[in-house]
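Enquirer: Dumping the structure here so I can ask a few things about it.
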Amino acid sequence: GLVLIKNYFLLDEYIDGILAIFEGLQREEYTVKMAMAWTIAEAASKYPEKIARFLSDCDLDRELISMTRSKIFSSRRVDERLKKALKAK
């Protein structure tokens, strides 16, 4: 389901709801966390300011935030300004 969100629902009308769901979804499975990190990184290419705020204010566990940051830094689609801002934190 998380990969479907990444592929079909990263749209203006859904992004706030997706981020709210992700913040409330506390899972320990590696594959679930990686799918969430991948989706958030994809969202960062479309909504860099929103994702920067989300990552600084969210209540995600440290491992998931680390995975997300790694995906963002390795992405060629994410704006360099967001990457620099995240590195500064």
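Chain labels A, B, ... are given in the sequence in which chains occur in the structure tokens; within each chain residues are numbered consecutively from 1, and ligands are likewise numbered from 1 in the order shown.
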Select from range 21-84 of chain A everything DSSP, run on the backbone, classes as alpha helix (DSSP H), then give the selection as a PDB file with N, CA and C atoms, in the first residue's frame.

Expert:
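Contents of the output file states06.pdb:
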ATOM      1  N   ILE A  21      -0.892  10.459   8.119  1.00  0.00           N
ATOM      2  CA  ILE A  21      -0.956   8.998   8.278  1.00  0.00           C
ATOM      3  C   ILE A  21       0.423   8.449   8.628  1.00  0.00           C
ATOM      4  N   PHE A  22       1.441   8.908   7.928  1.00  0.00           N
ATOM      5  CA  PHE A  22       2.798   8.426   8.184  1.00  0.00           C
ATOM      6  C   PHE A  22       3.242   8.734   9.609  1.00  0.00           C
ATOM      7  N   GLU A  23       2.891   9.903  10.101  1.00  0.00           N
ATOM      8  CA  GLU A  23       3.298  10.252  11.458  1.00  0.00           C
ATOM      9  C   GLU A  23       2.601   9.358  12.487  1.00  0.00           C
ATOM     10  N   GLY A  24       1.404   8.940  12.199  1.00  0.00           N
ATOM     11  CA  GLY A  24       0.681   8.075  13.114  1.00  0.00           C
ATOM     12  C   GLY A  24       0.993   6.601  12.953  1.00  0.00           C
ATOM     13  N   TYR A  30      11.415  -3.404   8.854  1.00  0.00           N
ATOM     14  CA  TYR A  30      12.349  -2.682   7.998  1.00  0.00           C
ATOM     15  C   TYR A  30      11.702  -2.309   6.671  1.00  0.00           C
ATOM     16  N   THR A  31      10.989  -3.226   6.051  1.00  0.00           N
ATOM     17  CA  THR A  31      10.411  -2.950   4.732  1.00  0.00           C
ATOM     18  C   THR A  31       9.359  -1.854   4.782  1.00  0.00           C
ATOM     19  N   VAL A  32       8.605  -1.785   5.850  1.00  0.00           N
ATOM     20  CA  VAL A  32       7.606  -0.727   6.004  1.00  0.00           C
ATOM     21  C   VAL A  32       8.313   0.616   6.162  1.00  0.00           C
ATOM     22  N   LYS A  33       9.335   0.653   7.005  1.00  0.00           N
ATOM     23  CA  LYS A  33      10.074   1.895   7.201  1.00  0.00           C
ATOM     24  C   LYS A  33      10.747   2.350   5.907  1.00  0.00           C
ATOM     25  N   MET A  34      11.309   1.403   5.146  1.00  0.00           N
ATOM     26  CA  MET A  34      11.967   1.778   3.900  1.00  0.00           C
ATOM     27  C   MET A  34      10.953   2.300   2.895  1.00  0.00           C
ATOM     28  N   ALA A  35       9.781   1.706   2.819  1.00  0.00           N
ATOM     29  CA  ALA A  35       8.738   2.200   1.910  1.00  0.00           C
ATOM     30  C   ALA A  35       8.301   3.606   2.315  1.00  0.00           C
ATOM     31  N   MET A  36       8.186   3.850   3.615  1.00  0.00           N
ATOM     32  CA  MET A  36       7.830   5.184   4.080  1.00  0.00           C
ATOM     33  C   MET A  36       8.938   6.183   3.735  1.00  0.00           C
ATOM     34  N   ALA A  37      10.199   5.807   3.985  1.00  0.00           N
ATOM     35  CA  ALA A  37      11.325   6.688   3.682  1.00  0.00           C
ATOM     36  C   ALA A  37      11.378   7.007   2.195  1.00  0.00           C
ATOM     37  N   TRP A  38      11.167   6.021   1.378  1.00  0.00           N
ATOM     38  CA  TRP A  38      11.184   6.178  -0.068  1.00  0.00           C
ATOM     39  C   TRP A  38      10.072   7.132  -0.511  1.00  0.00           C
ATOM     40  N   THR A  39       8.901   6.964   0.063  1.00  0.00           N
ATOM     41  CA  THR A  39       7.761   7.821  -0.276  1.00  0.00           C
ATOM     42  C   THR A  39       8.008   9.262   0.162  1.00  0.00           C
ATOM     43  N   ILE A  40       8.525   9.448   1.356  1.00  0.00           N
ATOM     44  CA  ILE A  40       8.799  10.807   1.839  1.00  0.00           C
ATOM     45  C   ILE A  40       9.874  11.457   0.971  1.00  0.00           C
ATOM     46  N   ALA A  41      10.888  10.693   0.575  1.00  0.00           N
ATOM     47  CA  ALA A  41      11.934  11.232  -0.296  1.00  0.00           C
ATOM     48  C   ALA A  41      11.367  11.628  -1.657  1.00  0.00           C
ATOM     49  N   GLU A  42      10.467  10.829  -2.188  1.00  0.00           N
ATOM     50  CA  GLU A  42       9.809  11.184  -3.452  1.00  0.00           C
ATOM     51  C   GLU A  42       8.982  12.457  -3.275  1.00  0.00           C
ATOM     52  N   ALA A  43       8.298  12.555  -2.147  1.00  0.00           N
ATOM     53  CA  ALA A  43       7.506  13.756  -1.876  1.00  0.00           C
ATOM     54  C   ALA A  43       8.411  14.985  -1.772  1.00  0.00           C
ATOM     55  N   ALA A  44       9.630  14.789  -1.283  1.00  0.00           N
ATOM     56  CA  ALA A  44      10.571  15.904  -1.153  1.00  0.00           C
ATOM     57  C   ALA A  44      10.932  16.516  -2.497  1.00  0.00           C
ATOM     58  N   SER A  45      10.866  15.728  -3.551  1.00  0.00           N
ATOM     59  CA  SER A  45      11.165  16.274  -4.878  1.00  0.00           C
ATOM     60  C   SER A  45      10.040  17.178  -5.375  1.00  0.00           C
ATOM     61  N   LYS A  46       8.833  16.949  -4.888  1.00  0.00           N
ATOM     62  CA  LYS A  46       7.682  17.755  -5.308  1.00  0.00           C
ATOM     63  C   LYS A  46       7.316  18.838  -4.300  1.00  0.00           C
ATOM     64  N   PRO A  48       9.416  20.282  -1.429  1.00  0.00           N
ATOM     65  CA  PRO A  48      10.604  20.378  -0.564  1.00  0.00           C
ATOM     66  C   PRO A  48      10.377  21.148   0.736  1.00  0.00           C
ATOM     67  N   GLU A  49       9.670  22.273   0.678  1.00  0.00           N
ATOM     68  CA  GLU A  49       9.452  23.054   1.905  1.00  0.00           C
ATOM     69  C   GLU A  49       8.567  22.301   2.884  1.00  0.00           C
ATOM     70  N   LYS A  50       7.528  21.684   2.380  1.00  0.00           N
ATOM     71  CA  LYS A  50       6.594  20.931   3.232  1.00  0.00           C
ATOM     72  C   LYS A  50       7.314  19.754   3.894  1.00  0.00           C
ATOM     73  N   ILE A  51       8.155  19.064   3.142  1.00  0.00           N
ATOM     74  CA  ILE A  51       8.866  17.913   3.700  1.00  0.00           C
ATOM     75  C   ILE A  51       9.925  18.376   4.698  1.00  0.00           C
ATOM     76  N   ALA A  52      10.587  19.484   4.435  1.00  0.00           N
ATOM     77  CA  ALA A  52      11.557  20.019   5.399  1.00  0.00           C
ATOM     78  C   ALA A  52      10.876  20.325   6.725  1.00  0.00           C
ATOM     79  N   ARG A  53       9.708  20.965   6.666  1.00  0.00           N
ATOM     80  CA  ARG A  53       8.948  21.254   7.899  1.00  0.00           C
ATOM     81  C   ARG A  53       8.514  19.966   8.577  1.00  0.00           C
ATOM     82  N   PHE A  54       8.020  19.023   7.784  1.00  0.00           N
ATOM     83  CA  PHE A  54       7.556  17.745   8.329  1.00  0.00           C
ATOM     84  C   PHE A  54       8.691  17.036   9.074  1.00  0.00           C
ATOM     85  N   LEU A  55       9.856  16.960   8.449  1.00  0.00           N
ATOM     86  CA  LEU A  55      10.969  16.242   9.070  1.00  0.00           C
ATOM     87  C   LEU A  55      11.467  16.942  10.337  1.00  0.00           C
ATOM     88  N   SER A  56      11.345  18.248  10.397  1.00  0.00           N
ATOM     89  CA  SER A  56      11.797  18.942  11.605  1.00  0.00           C
ATOM     90  C   SER A  56      10.764  18.894  12.727  1.00  0.00           C
ATOM     91  N   ASP A  57       9.488  18.721  12.389  1.00  0.00           N
ATOM     92  CA  ASP A  57       8.424  18.750  13.396  1.00  0.00           C
ATOM     93  C   ASP A  57       7.811  17.392  13.716  1.00  0.00           C
ATOM     94  N   ARG A  62      13.875   7.680  15.135  1.00  0.00           N
ATOM     95  CA  ARG A  62      15.180   8.100  14.614  1.00  0.00           C
ATOM     96  C   ARG A  62      15.617   7.271  13.414  1.00  0.00           C
ATOM     97  N   GLU A  63      15.353   5.974  13.455  1.00  0.00           N
ATOM     98  CA  GLU A  63      15.755   5.105  12.346  1.00  0.00           C
ATOM     99  C   GLU A  63      15.047   5.506  11.057  1.00  0.00           C
ATOM    100  N   LEU A  64      13.757   5.773  11.132  1.00  0.00           N
ATOM    101  CA  LEU A  64      12.995   6.162   9.947  1.00  0.00           C
ATOM    102  C   LEU A  64      13.468   7.521   9.415  1.00  0.00           C
ATOM    103  N   ILE A  65      13.731   8.455  10.291  1.00  0.00           N
ATOM    104  CA  ILE A  65      14.230   9.755   9.841  1.00  0.00           C
ATOM    105  C   ILE A  65      15.595   9.587   9.169  1.00  0.00           C
ATOM    106  N   SER A  66      16.441   8.756   9.741  1.00  0.00           N
ATOM    107  CA  SER A  66      17.752   8.498   9.145  1.00  0.00           C
ATOM    108  C   SER A  66      17.617   7.857   7.766  1.00  0.00           C
ATOM    109  N   MET A  67      16.720   6.898   7.634  1.00  0.00           N
ATOM    110  CA  MET A  67      16.484   6.254   6.346  1.00  0.00           C
ATOM    111  C   MET A  67      15.963   7.266   5.324  1.00  0.00           C
ATOM    112  N   THR A  68      15.065   8.124   5.760  1.00  0.00           N
ATOM    113  CA  THR A  68      14.490   9.145   4.873  1.00  0.00           C
ATOM    114  C   THR A  68      15.563  10.118   4.409  1.00  0.00           C
ATOM    115  N   ARG A  69      16.371  10.590   5.331  1.00  0.00           N
ATOM    116  CA  ARG A  69      17.449  11.515   4.970  1.00  0.00           C
ATOM    117  C   ARG A  69      18.397  10.862   3.966  1.00  0.00           C
ATOM    118  N   SER A  70      18.729   9.608   4.190  1.00  0.00           N
ATOM    119  CA  SER A  70      19.604   8.887   3.263  1.00  0.00           C
ATOM    120  C   SER A  70      19.005   8.827   1.864  1.00  0.00           C
ATOM    121  N   LYS A  71      17.718   8.524   1.789  1.00  0.00           N
ATOM    122  CA  LYS A  71      17.028   8.477   0.486  1.00  0.00           C
ATOM    123  C   LYS A  71      17.020   9.853  -0.173  1.00  0.00           C
ATOM    124  N   ILE A  72      16.798  10.897   0.608  1.00  0.00           N
ATOM    125  CA  ILE A  72      16.783  12.256   0.061  1.00  0.00           C
ATOM    126  C   ILE A  72      18.169  12.622  -0.470  1.00  0.00           C
ATOM    127  N   PHE A  73      19.216  12.340   0.316  1.00  0.00           N
ATOM    128  CA  PHE A  73      20.571  12.701  -0.107  1.00  0.00           C
ATOM    129  C   PHE A  73      21.018  11.937  -1.346  1.00  0.00           C
ATOM    130  N   SER A  74      20.536  10.709  -1.519  1.00  0.00           N
ATOM    131  CA  SER A  74      20.951   9.920  -2.686  1.00  0.00           C
ATOM    132  C   SER A  74      20.098  10.201  -3.927  1.00  0.00           C
ATOM    133  N   GLU A  80      18.755  20.645  -4.344  1.00  0.00           N
ATOM    134  CA  GLU A  80      19.995  20.748  -3.562  1.00  0.00           C
ATOM    135  C   GLU A  80      19.834  21.648  -2.338  1.00  0.00           C
ATOM    136  N   ARG A  81      18.962  22.645  -2.417  1.00  0.00           N
ATOM    137  CA  ARG A  81      18.747  23.523  -1.255  1.00  0.00           C
ATOM    138  C   ARG A  81      18.179  22.752  -0.079  1.00  0.00           C
ATOM    139  N   LEU A  82      17.264  21.813  -0.353  1.00  0.00           N
ATOM    140  CA  LEU A  82      16.709  20.989   0.721  1.00  0.00           C
ATOM    141  C   LEU A  82      17.794  20.101   1.309  1.00  0.00           C
ATOM    142  N   LYS A  83      18.610  19.517   0.460  1.00  0.00           N
ATOM    143  CA  LYS A  83      19.689  18.664   0.952  1.00  0.00           C
ATOM    144  C   LYS A  83      20.629  19.455   1.855  1.00  0.00           C
ATOM    145  N   LYS A  84      20.987  20.668   1.454  1.00  0.00           N
ATOM    146  CA  LYS A  84      21.874  21.496   2.268  1.00  0.00           C
ATOM    147  C   LYS A  84      21.210  21.862   3.589  1.00  0.00           C
TER     148      LYS A  84
END

Enquirer: Could you work out how far CA of Asn7 in chain A lies from CA of Asp61 in chain A, giving the answer in Å with one decimal?

Expert: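 A separation of 23.8 Å between them.
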